[in-house]
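**Q** Provided herewith: protein.tsv, TSV, N, CA and C atoms.
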```
chain	number	residue	atom	x	y	z
A	1	MET	N	-32.19	-2.58	-43.66
A	1	MET	CA	-31.82	-2.64	-42.26
A	1	MET	C	-33.08	-2.66	-41.40
A	2	GLU	N	-32.95	-3.27	-40.26
A	2	GLU	CA	-34.06	-3.29	-39.31
A	2	GLU	C	-33.51	-2.94	-37.93
A	3	PHE	N	-34.42	-2.59	-37.03
A	3	PHE	CA	-34.03	-2.21	-35.68
A	3	PHE	C	-34.20	-3.39	-34.72
A	4	GLU	N	-33.27	-3.47	-33.77
A	4	GLU	CA	-33.40	-4.32	-32.60
A	4	GLU	C	-33.07	-3.43	-31.42
A	5	SER	N	-33.57	-3.77	-30.25
A	5	SER	CA	-33.32	-2.92	-29.09
A	5	SER	C	-32.87	-3.75	-27.89
A	6	THR	N	-32.17	-3.08	-26.99
A	6	THR	CA	-31.73	-3.71	-25.75
A	6	THR	C	-32.79	-3.50	-24.68
A	7	SER	N	-32.69	-4.22	-23.59
A	7	SER	CA	-33.64	-4.04	-22.49
A	7	SER	C	-33.52	-2.65	-21.88
A	8	ILE	N	-32.32	-2.09	-21.87
A	8	ILE	CA	-32.13	-0.73	-21.35
A	8	ILE	C	-32.89	0.26	-22.22
A	9	PHE	N	-32.79	0.12	-23.54
A	9	PHE	CA	-33.51	1.00	-24.45
A	9	PHE	C	-35.01	0.87	-24.24
A	10	ASP	N	-35.50	-0.36	-24.13
A	10	ASP	CA	-36.94	-0.58	-23.93
A	10	ASP	C	-37.43	0.08	-22.64
A	11	LYS	N	-36.61	0.03	-21.59
A	11	LYS	CA	-36.98	0.65	-20.32
A	11	LYS	C	-36.97	2.18	-20.45
A	12	ASP	N	-35.97	2.72	-21.13
A	12	ASP	CA	-35.86	4.17	-21.31
A	12	ASP	C	-37.02	4.74	-22.13
A	13	ILE	N	-37.45	4.01	-23.14
A	13	ILE	CA	-38.48	4.53	-24.04
A	13	ILE	C	-39.83	4.69	-23.33
A	14	LYS	N	-40.05	3.90	-22.30
A	14	LYS	CA	-41.30	4.00	-21.54
A	14	LYS	C	-41.40	5.32	-20.78
A	15	LYS	N	-40.27	5.97	-20.54
A	15	LYS	CA	-40.24	7.22	-19.78
A	15	LYS	C	-40.51	8.45	-20.64
A	16	LEU	N	-40.56	8.29	-21.96
A	16	LEU	CA	-40.69	9.43	-22.86
A	16	LEU	C	-42.12	9.94	-22.93
A	17	ASP	N	-42.25	11.26	-23.04
A	17	ASP	CA	-43.57	11.84	-23.25
A	17	ASP	C	-43.88	11.85	-24.75
A	18	LYS	N	-45.05	12.35	-25.11
A	18	LYS	CA	-45.52	12.31	-26.49
A	18	LYS	C	-44.57	13.06	-27.43
A	19	HIS	N	-44.13	14.24	-27.02
A	19	HIS	CA	-43.24	15.05	-27.84
A	19	HIS	C	-41.90	14.34	-28.06
A	20	GLU	N	-41.35	13.76	-27.01
A	20	GLU	CA	-40.07	13.06	-27.12
A	20	GLU	C	-40.18	11.82	-27.99
A	21	ARG	N	-41.32	11.14	-27.93
A	21	ARG	CA	-41.53	9.96	-28.78
A	21	ARG	C	-41.54	10.35	-30.26
A	22	LYS	N	-42.16	11.50	-30.56
A	22	LYS	CA	-42.19	11.97	-31.95
A	22	LYS	C	-40.77	12.31	-32.42
A	23	GLU	N	-39.99	12.98	-31.57
A	23	GLU	CA	-38.60	13.29	-31.92
A	23	GLU	C	-37.82	12.01	-32.19
A	24	LEU	N	-38.02	11.01	-31.34
A	24	LEU	CA	-37.32	9.74	-31.50
A	24	LEU	C	-37.73	9.05	-32.80
A	25	LYS	N	-39.01	9.05	-33.10
A	25	LYS	CA	-39.48	8.41	-34.34
A	25	LYS	C	-38.87	9.09	-35.56
A	26	ASP	N	-38.82	10.43	-35.55
A	26	ASP	CA	-38.22	11.16	-36.67
A	26	ASP	C	-36.74	10.81	-36.82
A	27	LEU	N	-36.03	10.72	-35.70
A	27	LEU	CA	-34.62	10.37	-35.73
A	27	LEU	C	-34.42	8.94	-36.23
A	28	LEU	N	-35.27	8.01	-35.80
A	28	LEU	CA	-35.16	6.62	-36.24
A	28	LEU	C	-35.40	6.50	-37.75
A	29	ASP	N	-36.32	7.31	-38.28
A	29	ASP	CA	-36.54	7.31	-39.73
A	29	ASP	C	-35.28	7.74	-40.47
A	30	LYS	N	-34.58	8.76	-39.94
A	30	LYS	CA	-33.34	9.22	-40.57
A	30	LYS	C	-32.25	8.16	-40.47
A	31	ILE	N	-32.21	7.46	-39.34
A	31	ILE	CA	-31.19	6.43	-39.15
A	31	ILE	C	-31.41	5.27	-40.12
A	32	LEU	N	-32.66	4.93	-40.40
A	32	LEU	CA	-32.93	3.87	-41.37
A	32	LEU	C	-32.39	4.22	-42.75
A	33	GLU	N	-32.48	5.51	-43.11
A	33	GLU	CA	-31.97	5.95	-44.40
A	33	GLU	C	-30.45	5.93	-44.44
A	34	ARG	N	-29.81	6.44	-43.37
A	34	ARG	CA	-28.36	6.52	-43.29
A	34	ARG	C	-27.93	6.19	-41.87
A	35	PRO	N	-27.60	4.94	-41.58
A	35	PRO	CA	-27.28	4.52	-40.21
A	35	PRO	C	-26.08	5.23	-39.58
A	36	GLU	N	-25.18	5.78	-40.37
A	36	GLU	CA	-23.97	6.41	-39.82
A	36	GLU	C	-24.11	7.93	-39.68
A	37	ILE	N	-25.33	8.46	-39.55
A	37	ILE	CA	-25.51	9.92	-39.51
A	37	ILE	C	-25.03	10.54	-38.22
A	38	GLY	N	-24.92	9.77	-37.17
A	38	GLY	CA	-24.57	10.32	-35.87
A	38	GLY	C	-23.08	10.52	-35.69
A	39	LYS	N	-22.74	10.95	-34.51
A	39	LYS	CA	-21.34	11.16	-34.13
A	39	LYS	C	-20.75	9.81	-33.71
A	40	PRO	N	-19.62	9.41	-34.32
A	40	PRO	CA	-19.00	8.14	-33.92
A	40	PRO	C	-18.52	8.21	-32.47
A	41	MET	N	-18.74	7.16	-31.72
A	41	MET	CA	-18.30	7.10	-30.33
A	41	MET	C	-16.84	6.65	-30.31
A	42	GLU	N	-16.02	7.38	-29.56
A	42	GLU	CA	-14.61	7.00	-29.45
A	42	GLU	C	-14.48	5.64	-28.77
A	43	HIS	N	-13.51	4.86	-29.23
A	43	HIS	CA	-13.17	3.57	-28.64
A	43	HIS	C	-14.22	2.47	-28.88
A	44	TYR	N	-15.25	2.75	-29.67
A	44	TYR	CA	-16.27	1.73	-29.96
A	44	TYR	C	-16.49	1.69	-31.47
A	45	ALA	N	-16.28	0.56	-32.09
A	45	ALA	CA	-16.46	0.42	-33.52
A	45	ALA	C	-17.94	0.39	-33.88
A	46	ASP	N	-18.31	1.17	-34.87
A	46	ASP	CA	-19.68	1.19	-35.43
A	46	ASP	C	-20.74	1.60	-34.42
A	47	VAL	N	-20.38	2.38	-33.40
A	47	VAL	CA	-21.35	2.89	-32.43
A	47	VAL	C	-21.45	4.40	-32.63
A	48	PHE	N	-22.70	4.90	-32.71
A	48	PHE	CA	-22.94	6.30	-33.00
A	48	PHE	C	-23.91	6.89	-31.98
A	49	SER	N	-23.88	8.22	-31.87
A	49	SER	CA	-24.83	8.90	-31.00
A	49	SER	C	-25.35	10.15	-31.70
A	50	LYS	N	-26.54	10.54	-31.32
A	50	LYS	CA	-27.15	11.76	-31.87
A	50	LYS	C	-28.10	12.29	-30.82
A	51	ARG	N	-28.04	13.61	-30.62
A	51	ARG	CA	-28.92	14.25	-29.65
A	51	ARG	C	-30.23	14.66	-30.29
A	52	THR	N	-31.29	14.50	-29.52
A	52	THR	CA	-32.56	15.13	-29.85
A	52	THR	C	-32.62	16.36	-28.96
A	53	GLU	N	-33.75	16.98	-28.86
A	53	GLU	CA	-33.86	18.18	-28.04
A	53	GLU	C	-33.56	17.90	-26.57
A	54	HIS	N	-34.02	16.76	-26.06
A	54	HIS	CA	-33.91	16.47	-24.63
A	54	HIS	C	-33.01	15.27	-24.29
A	55	ARG	N	-32.74	14.42	-25.25
A	55	ARG	CA	-32.06	13.16	-24.96
A	55	ARG	C	-31.00	12.85	-26.00
A	56	ARG	N	-30.25	11.78	-25.74
A	56	ARG	CA	-29.25	11.30	-26.69
A	56	ARG	C	-29.57	9.84	-27.01
A	57	LEU	N	-29.54	9.52	-28.29
A	57	LEU	CA	-29.76	8.15	-28.73
A	57	LEU	C	-28.40	7.55	-29.09
A	58	ILE	N	-28.15	6.35	-28.64
A	58	ILE	CA	-26.91	5.64	-28.95
A	58	ILE	C	-27.28	4.32	-29.62
A	59	TRP	N	-26.62	4.03	-30.76
A	59	TRP	CA	-26.94	2.81	-31.48
A	59	TRP	C	-25.67	2.22	-32.09
A	60	LYS	N	-25.74	0.94	-32.41
A	60	LYS	CA	-24.64	0.22	-33.04
A	60	LYS	C	-25.12	-0.31	-34.39
A	61	VAL	N	-24.33	-0.08	-35.42
A	61	VAL	CA	-24.65	-0.56	-36.76
A	61	VAL	C	-23.94	-1.89	-36.97
A	62	MET	N	-24.73	-2.93	-37.22
A	62	MET	CA	-24.18	-4.26	-37.50
A	62	MET	C	-24.51	-4.60	-38.95
A	63	LYS	N	-23.61	-4.22	-39.84
A	63	LYS	CA	-23.87	-4.33	-41.29
A	63	LYS	C	-24.04	-5.76	-41.75
A	64	LYS	N	-23.22	-6.67	-41.26
A	64	LYS	CA	-23.32	-8.07	-41.71
A	64	LYS	C	-24.69	-8.66	-41.41
A	65	GLU	N	-25.24	-8.32	-40.25
A	65	GLU	CA	-26.55	-8.83	-39.85
A	65	GLU	C	-27.69	-8.00	-40.42
A	66	GLY	N	-27.40	-6.80	-40.92
A	66	GLY	CA	-28.43	-5.91	-41.44
A	66	GLY	C	-29.29	-5.33	-40.33
A	67	VAL	N	-28.64	-5.05	-39.17
A	67	VAL	CA	-29.38	-4.61	-37.98
A	67	VAL	C	-28.78	-3.34	-37.42
A	68	VAL	N	-29.66	-2.46	-36.96
A	68	VAL	CA	-29.25	-1.31	-36.15
A	68	VAL	C	-29.72	-1.62	-34.74
A	69	LEU	N	-28.77	-1.80	-33.82
A	69	LEU	CA	-29.08	-2.15	-32.43
A	69	LEU	C	-29.20	-0.87	-31.62
A	70	LEU	N	-30.38	-0.59	-31.09
A	70	LEU	CA	-30.64	0.60	-30.28
A	70	LEU	C	-30.20	0.32	-28.86
A	71	LEU	N	-29.18	1.02	-28.39
A	71	LEU	CA	-28.58	0.74	-27.10
A	71	LEU	C	-29.23	1.51	-25.96
A	72	MET	N	-29.28	2.84	-26.08
A	72	MET	CA	-29.89	3.64	-25.02
A	72	MET	C	-30.23	5.02	-25.52
```
Mind turning the file's structure into structure tokens?
**A**
Amino acid sequence: MEFESTSIFDKDIKKLDKHERKELKDLLDKILERPEIGKPMEHYADVFSKRTEHRRLIWKVMKKEGVVLLLM
């Protein structure tokens, strides 16, 4: 699997400080191992969320394409 990101995600990531970026990188490493580790979002197929200390990451798993789309 590989990551792709939305423009909203790209804009949000610029606001993160050094500590938050490290938390995000650690979470992304875990998501690569098991894309469905987060909490499933109600009413959205294959969309998951997981909190870090300060923020919430939301992503969509697209198995056919082999992509994890980072939403926000």
**Q** Of the residues A:Leu32, A:Leu24, A:Val68, A:Met1, which is the one nearest to His54 in chain A, using only C-alpha atoms?
**A**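 Counting only C-alpha atoms, the residue closest to His54 in chain A is A:Leu24.
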**Q** Would you mind reading off the distance between atom N of Tyr44 in chain A and CA of Lys22 in chain A, one decimal, in Å?
**A** 28.6 Å
**Q** Go ahead and compute the interatomic distance for CA of Glu20 in chain A and atom N of Lys63 in chain A, in Å to one decimal.
**A**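 It comes out at 27.0 Å.
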**Q** Could you name the residues that touch Ser5 in chain A at 8 Å or less, counting only N, CA and C atoms, but leaving out those on the same chain fewer than 5 positions away, as a list of chain:residue names?
**A**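 Near Ser5 in chain A, the qualifying residues are A:Asp10, A:Val68, A:Leu69, A:Leu70, A:Leu71, A:Met72.
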**Q** Between atom N of Glu53 in chain A and atom N of Glu23 in chain A, what is the spacing in Å?
**A** 7.9 Å
**Q** Write out as a short mmCIF file (atom, residue, chain, number, x, y, z; two decimals) with N, CA and C atoms, in the frame of the given file the set of residues from chain A that DSSP, computed on the backbone, places in strand (DSSP E).
**A**
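Written file, selection08.cif:
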```
data_model
loop_
_atom_site.label_atom_id
_atom_site.label_comp_id
_atom_site.auth_asym_id
_atom_site.auth_seq_id
_atom_site.Cartn_x
_atom_site.Cartn_y
_atom_site.Cartn_z
N GLU A 2 -32.95 -3.27 -40.26
CA GLU A 2 -34.06 -3.29 -39.31
C GLU A 2 -33.51 -2.94 -37.93
N PHE A 3 -34.42 -2.59 -37.03
CA PHE A 3 -34.03 -2.21 -35.68
C PHE A 3 -34.20 -3.39 -34.72
N GLU A 4 -33.27 -3.47 -33.77
CA GLU A 4 -33.40 -4.32 -32.60
C GLU A 4 -33.07 -3.43 -31.42
N SER A 5 -33.57 -3.77 -30.25
CA SER A 5 -33.32 -2.92 -29.09
C SER A 5 -32.87 -3.75 -27.89
N LYS A 39 -22.74 10.95 -34.51
CA LYS A 39 -21.34 11.16 -34.13
C LYS A 39 -20.75 9.81 -33.71
N PRO A 40 -19.62 9.41 -34.32
CA PRO A 40 -19.00 8.14 -33.92
C PRO A 40 -18.52 8.21 -32.47
N VAL A 47 -20.38 2.38 -33.40
CA VAL A 47 -21.35 2.89 -32.43
C VAL A 47 -21.45 4.40 -32.63
N PHE A 48 -22.70 4.90 -32.71
CA PHE A 48 -22.94 6.30 -33.00
C PHE A 48 -23.91 6.89 -31.98
N SER A 49 -23.88 8.22 -31.87
CA SER A 49 -24.83 8.90 -31.00
C SER A 49 -25.35 10.15 -31.70
N LYS A 50 -26.54 10.54 -31.32
CA LYS A 50 -27.15 11.76 -31.87
C LYS A 50 -28.10 12.29 -30.82
N ARG A 51 -28.04 13.61 -30.62
CA ARG A 51 -28.92 14.25 -29.65
C ARG A 51 -30.23 14.66 -30.29
N ARG A 56 -30.25 11.78 -25.74
CA ARG A 56 -29.25 11.30 -26.69
C ARG A 56 -29.57 9.84 -27.01
N LEU A 57 -29.54 9.52 -28.29
CA LEU A 57 -29.76 8.15 -28.73
C LEU A 57 -28.40 7.55 -29.09
N ILE A 58 -28.15 6.35 -28.64
CA ILE A 58 -26.91 5.64 -28.95
C ILE A 58 -27.28 4.32 -29.62
N TRP A 59 -26.62 4.03 -30.76
CA TRP A 59 -26.94 2.81 -31.48
C TRP A 59 -25.67 2.22 -32.09
N LYS A 60 -25.74 0.94 -32.41
CA LYS A 60 -24.64 0.22 -33.04
C LYS A 60 -25.12 -0.31 -34.39
N VAL A 61 -24.33 -0.08 -35.42
CA VAL A 61 -24.65 -0.56 -36.76
C VAL A 61 -23.94 -1.89 -36.97
N MET A 62 -24.73 -2.93 -37.22
CA MET A 62 -24.18 -4.26 -37.50
C MET A 62 -24.51 -4.60 -38.95
N VAL A 67 -28.64 -5.05 -39.17
CA VAL A 67 -29.38 -4.61 -37.98
C VAL A 67 -28.78 -3.34 -37.42
N VAL A 68 -29.66 -2.46 -36.96
CA VAL A 68 -29.25 -1.31 -36.15
C VAL A 68 -29.72 -1.62 -34.74
N LEU A 69 -28.77 -1.80 -33.82
CA LEU A 69 -29.08 -2.15 -32.43
C LEU A 69 -29.20 -0.87 -31.62
N LEU A 70 -30.38 -0.59 -31.09
CA LEU A 70 -30.64 0.60 -30.28
C LEU A 70 -30.20 0.32 -28.86
#
```
**Q** Nearest to Phe3 in chain A among A:Asp46, A:Glu65, A:Glu36, A:Asp26, with distances taken over only C-alpha atoms: which residue is it?
**A** A:Glu65
**Q** Nearest residue to Val47 in chain A out of A:Leu28, A:Pro35, A:Lys60, A:Lys11, using only C-alpha atoms?
**A**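 For Val47 in chain A, the nearest of the given residues is A:Lys60.
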**Q** List the spatial neighbours of Gly38 in chain A as number ranges by chain - criterion: any atom at most 6 Å away, all atoms listed in the file, same-chain residues fewer than 4 positions off excluded.
**A** A: 48-50
**Q** Mind listing the alpha helix (DSSP H) residues of chain A, per DSSP on the backbone, as a list in words?
**A** Ser7, Ile8, Phe9, Asp10, Lys11, Asp12, Ile13, Lys18, His19, Glu20, Arg21, Lys22, Glu23, Leu24, Lys25, Asp26, Leu27, Leu28, Asp29, Lys30, Ile31, Leu32 and Glu33 of chain A
**Q** Set the distance at 8 Å and use only N, CA and C atoms: which residues neighbour Arg51 in chain A once local chain neighbours fewer than 4 positions away are removed? I'd like the list as an mmCIF file with N, CA and C atoms, in the coordinates of the input.
**A**
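And here is the file that came out, part22.cif:
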```cif
data_model
loop_
_atom_site.group_PDB
_atom_site.id
_atom_site.type_symbol
_atom_site.label_atom_id
_atom_site.label_comp_id
_atom_site.auth_asym_id
_atom_site.auth_seq_id
_atom_site.Cartn_x
_atom_site.Cartn_y
_atom_site.Cartn_z
ATOM 1 N N GLY A 38 -24.920 9.770 -37.170
ATOM 2 C CA GLY A 38 -24.570 10.320 -35.870
ATOM 3 C C GLY A 38 -23.080 10.520 -35.690
ATOM 4 N N LYS A 39 -22.740 10.950 -34.510
ATOM 5 C CA LYS A 39 -21.340 11.160 -34.130
ATOM 6 C C LYS A 39 -20.750 9.810 -33.710
ATOM 7 N N ARG A 55 -32.740 14.420 -25.250
ATOM 8 C CA ARG A 55 -32.060 13.160 -24.960
ATOM 9 C C ARG A 55 -31.000 12.850 -26.000
ATOM 10 N N ARG A 56 -30.250 11.780 -25.740
ATOM 11 C CA ARG A 56 -29.250 11.300 -26.690
ATOM 12 C C ARG A 56 -29.570 9.840 -27.010
ATOM 13 N N LEU A 57 -29.540 9.520 -28.290
ATOM 14 C CA LEU A 57 -29.760 8.150 -28.730
ATOM 15 C C LEU A 57 -28.400 7.550 -29.090
ATOM 16 N N ILE A 58 -28.150 6.350 -28.640
ATOM 17 C CA ILE A 58 -26.910 5.640 -28.950
ATOM 18 C C ILE A 58 -27.280 4.320 -29.620
#
```
